[in-house]
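Down below is the structure, laid out as structure tokens.
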Amino acid sequence: MSGLMIKDCMLLKRQGRYFIIVLVVACMMAFTGSENFSSFMTSYLTFMITIFSFSSFSYDEYDNGMAYLMALPSGRRNYVKAKYLFSILLITAAWFLGCLLRMGLFLMRFSAADYLELLPTEPIYLLVCLIYVGGTFPAILKYGAEKGRNVAFTVLAFLAIGVFMIARFNPRIPVLRSVSAEIGQCLETSPLTVLFSLTAVCVLVLTVSYLCAVRIMEKKEF
């Protein structure tokens with residue numbers, strides 16, 4: 001399994017310019033924006049690295065590479081395990097870097113006290129991206145890298161539209177207005193409760209996703 005992770009690290013190394021551009025864009029946007037806009041730095045870095053974890057499947061499929069990888073002694077289960085472990089470590093590292101940069105931004109432009117107030121919300125970006133990974137990897141393994149990513153982006157687009165519609169028509173629907181108020185109050189009064197709940201959901205999604213991915217790979221023919 002370590003060999004498969006080293007392979008992905010080598011692919012990561014070849015994309016050095018891509019990550020430099022992502023980092024520069026995040027810094028420029030955050031350091032020129034307002035205090036509220038600074039969250040863009042953490043969320044942008046985390047999400048863009050999440051997208052890269054999807055592209056690693058495309059490299060594996062290139063020139064019938066999957067058939068070769070599945071013939072190695074590591075086996076199909078270890079391939080799936082290596083993908084999940086590598087992606088989780090990579091996304092966590094990107095999120096941690098985003099948190100450090102955002103903290104540096106607050107120390108230079110605002111104050112440490114302001115950042116400490118936002119600190120409990122930082123892990124939400126990481127957890128949301130990991131949940132997205134959990135929902136995407138089985139689709140990629142089932143339908144292939146290109147079709148799987150299209151399915152994942154379609155689901156993400158519908159979710160984004162749904163959130164926008166809820167936010168747009170929230171004042172007109174009493175049920176949505178009350179639910180939104182309760183969520184907002186919970187985030188203000190007990191953010192740790194929301195964080196622990198989202199962490200539990202993330203662990204559950206990743207566990208189910210991994211089991212589904214292993215099952216898909218064991219039945220897939222190359």
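Chains: A, B, ... in order of the structure tokens. Residues: from 1 per chain. Ligands: from 1, in order shown.
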
Contacts of Ala26 in chain A at 7 Å or less, counting only C-alpha atoms, minus same-chain residues fewer than 3 places along, as an MDAnalysis selection string? chainID A and resid 22:23 29:30 41 44:45

Do you know which residues are at most 12 Å from Ala94 in chain A counting only C-alpha atoms, after dropping those on the same chain fewer than 6 positions away, and could you put them as a PyMOL selection string? chain A and resi 19+22-23+26+41-53+87-88+100-101+123+125-126+129

Selection: 10 Å around Leu204 in chain A, only C-alpha atoms, excl. self and same-chain fewer than 5 positions, as a list of chain:residue names: A:Ile131, A:Gly134, A:Leu198, A:Thr199, A:Ser209, A:Tyr210

Compile the contact shell of Val214 in chain A as a ChimeraX atom specification: residues with an atom at most 7 Å away, counting only C-alpha atoms, same-chain residues fewer than 3 positions apart removed. /A:77,80,210-211,217-218

Could you jot down the CA of Leu156 in chain A to CA of Pro138 in chain A separation for me, Å, one decimal place?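 So the answer is 15.0 Å.
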
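Remark: for Ser58 in chain A, the closest of the candidate residues A:Ile21, A:Leu85, A:Leu141, A:Val201 is A:Leu141 (distances computed over only C-alpha atoms).
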
Distance criterion (only C-alpha atoms): nearest to Leu116 in chain A out of A:Val133, A:Ile140, A:Met10, A:Met103: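 Using only C-alpha atoms, the shortest distance to Leu116 in chain A belongs to A:Met103.
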
Can you tell me, as a list in words, what residues are no more than 10 Å from Glu122 in chain A when counting only C-alpha atoms, ignoring any on the same chain fewer than 3 positions away? Ser39, Thr42, Ser43, Trp95, Phe96, Gly98, Cys99, Arg102, Tyr115, Leu118, Leu119, Tyr125, Leu126, Leu127 and Leu195 of chain A

Could the residues in this selection be written to a file with all heavy atoms, as a tab-separated table (two decimals), in the first residue's frame?
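Output below, filename again_20.tsv:
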chain	number	residue	atom	x	y	z
A	39	SER	N	-12.33	33.79	5.11
A	39	SER	CA	-12.62	32.36	5.14
A	39	SER	C	-12.39	31.72	3.77
A	39	SER	O	-12.24	30.50	3.67
A	39	SER	CB	-14.06	32.12	5.59
A	39	SER	OG	-14.98	32.72	4.68
A	42	THR	N	-9.11	29.41	3.55
A	42	THR	CA	-9.18	28.03	4.03
A	42	THR	C	-10.07	27.17	3.15
A	42	THR	O	-9.68	26.05	2.76
A	42	THR	CB	-9.71	28.00	5.47
A	42	THR	OG1	-8.94	28.88	6.29
A	42	THR	CG2	-9.62	26.60	6.05
A	43	SER	N	-11.24	27.67	2.81
A	43	SER	CA	-12.18	26.87	2.02
A	43	SER	C	-11.66	26.63	0.61
A	43	SER	O	-11.79	25.53	0.07
A	43	SER	CB	-13.54	27.56	1.97
A	43	SER	OG	-13.43	28.86	1.40
A	95	TRP	N	-5.84	21.90	4.35
A	95	TRP	CA	-6.69	22.64	5.30
A	95	TRP	C	-5.85	23.27	6.41
A	95	TRP	O	-6.05	24.43	6.78
A	95	TRP	CB	-7.72	21.68	5.90
A	95	TRP	CG	-8.44	22.24	7.08
A	95	TRP	CD1	-9.48	23.11	7.08
A	95	TRP	CD2	-8.15	21.98	8.48
A	95	TRP	NE1	-9.87	23.41	8.37
A	95	TRP	CE2	-9.07	22.72	9.24
A	95	TRP	CE3	-7.22	21.17	9.13
A	95	TRP	CZ2	-9.07	22.69	10.63
A	95	TRP	CZ3	-7.22	21.15	10.52
A	95	TRP	CH2	-8.14	21.90	11.25
A	96	PHE	N	-4.88	22.52	6.91
A	96	PHE	CA	-4.02	23.04	7.98
A	96	PHE	C	-3.21	24.24	7.48
A	96	PHE	O	-3.05	25.24	8.19
A	96	PHE	CB	-3.09	21.93	8.47
A	96	PHE	CG	-2.23	22.33	9.64
A	96	PHE	CD1	-2.79	22.55	10.89
A	96	PHE	CD2	-0.86	22.51	9.48
A	96	PHE	CE1	-2.00	22.92	11.97
A	96	PHE	CE2	-0.07	22.88	10.55
A	96	PHE	CZ	-0.64	23.09	11.79
A	98	GLY	N	-4.14	26.26	5.09
A	98	GLY	CA	-5.10	27.35	4.98
A	98	GLY	C	-5.37	28.01	6.32
A	98	GLY	O	-5.49	29.24	6.42
A	99	CYS	N	-5.48	27.18	7.36
A	99	CYS	CA	-5.70	27.73	8.72
A	99	CYS	C	-4.52	28.59	9.17
A	99	CYS	O	-4.70	29.66	9.76
A	99	CYS	CB	-5.93	26.60	9.71
A	99	CYS	SG	-7.49	25.72	9.49
A	102	ARG	N	-4.57	31.85	7.24
A	102	ARG	CA	-5.65	32.72	7.71
A	102	ARG	C	-5.31	33.32	9.07
A	102	ARG	O	-5.60	34.50	9.33
A	102	ARG	CB	-6.95	31.93	7.80
A	102	ARG	CG	-8.18	32.80	8.04
A	102	ARG	CD	-9.43	31.96	8.17
A	102	ARG	NE	-10.61	32.80	8.28
A	102	ARG	CZ	-11.81	32.35	8.62
A	102	ARG	NH1	-11.99	31.07	8.85
A	102	ARG	NH2	-12.84	33.18	8.71
A	115	TYR	N	-9.59	36.05	15.44
A	115	TYR	CA	-9.40	34.72	14.86
A	115	TYR	C	-9.83	33.63	15.83
A	115	TYR	O	-10.39	32.60	15.42
A	115	TYR	CB	-7.94	34.52	14.48
A	115	TYR	CG	-7.68	33.16	13.86
A	115	TYR	CD1	-8.10	32.88	12.56
A	115	TYR	CD2	-7.06	32.15	14.59
A	115	TYR	CE1	-7.89	31.64	11.99
A	115	TYR	CE2	-6.85	30.91	14.02
A	115	TYR	CZ	-7.27	30.66	12.73
A	115	TYR	OH	-7.07	29.41	12.18
A	118	LEU	N	-13.33	32.73	15.50
A	118	LEU	CA	-13.67	31.95	14.31
A	118	LEU	C	-13.06	30.56	14.32
A	118	LEU	O	-13.42	29.72	13.48
A	118	LEU	CB	-13.17	32.69	13.05
A	118	LEU	CG	-13.72	34.09	12.81
A	118	LEU	CD1	-13.00	34.73	11.62
A	118	LEU	CD2	-15.22	34.04	12.55
A	119	LEU	N	-12.15	30.29	15.24
A	119	LEU	CA	-11.42	29.03	15.25
A	119	LEU	C	-12.32	27.79	15.29
A	119	LEU	O	-12.04	26.82	14.57
A	119	LEU	CB	-10.43	29.01	16.42
A	119	LEU	CG	-9.48	27.82	16.49
A	119	LEU	CD1	-8.62	27.76	15.23
A	119	LEU	CD2	-8.60	27.91	17.73
A	125	TYR	N	-14.82	23.30	7.16
A	125	TYR	CA	-14.38	23.21	5.77
A	125	TYR	C	-13.75	21.85	5.48
A	125	TYR	O	-14.01	21.25	4.43
A	125	TYR	CB	-13.37	24.33	5.45
A	125	TYR	CG	-13.86	25.71	5.78
A	125	TYR	CD1	-13.26	26.49	6.77
A	125	TYR	CD2	-14.95	26.26	5.10
A	125	TYR	CE1	-13.72	27.76	7.07
A	125	TYR	CE2	-15.42	27.54	5.39
A	125	TYR	CZ	-14.79	28.28	6.38
A	125	TYR	OH	-15.25	29.53	6.68
A	126	LEU	N	-12.93	21.39	6.40
A	126	LEU	CA	-12.28	20.08	6.23
A	126	LEU	C	-13.31	18.96	6.22
A	126	LEU	O	-13.27	18.07	5.35
A	126	LEU	CB	-11.26	19.86	7.35
A	126	LEU	CG	-10.64	18.46	7.43
A	126	LEU	CD1	-9.82	18.16	6.18
A	126	LEU	CD2	-9.76	18.35	8.68
A	127	LEU	N	-14.24	18.98	7.15
A	127	LEU	CA	-15.22	17.92	7.27
A	127	LEU	C	-16.14	17.87	6.05
A	127	LEU	O	-16.47	16.79	5.56
A	127	LEU	CB	-16.04	18.11	8.55
A	127	LEU	CG	-15.25	17.97	9.86
A	127	LEU	CD1	-16.12	18.35	11.05
A	127	LEU	CD2	-14.71	16.56	10.03
A	195	LEU	N	-19.87	20.94	15.60
A	195	LEU	CA	-18.63	20.36	15.09
A	195	LEU	C	-18.56	18.86	15.36
A	195	LEU	O	-18.21	18.07	14.47
A	195	LEU	CB	-17.43	21.07	15.74
A	195	LEU	CG	-16.05	20.60	15.30
A	195	LEU	CD1	-15.88	20.80	13.80
A	195	LEU	CD2	-14.97	21.34	16.07
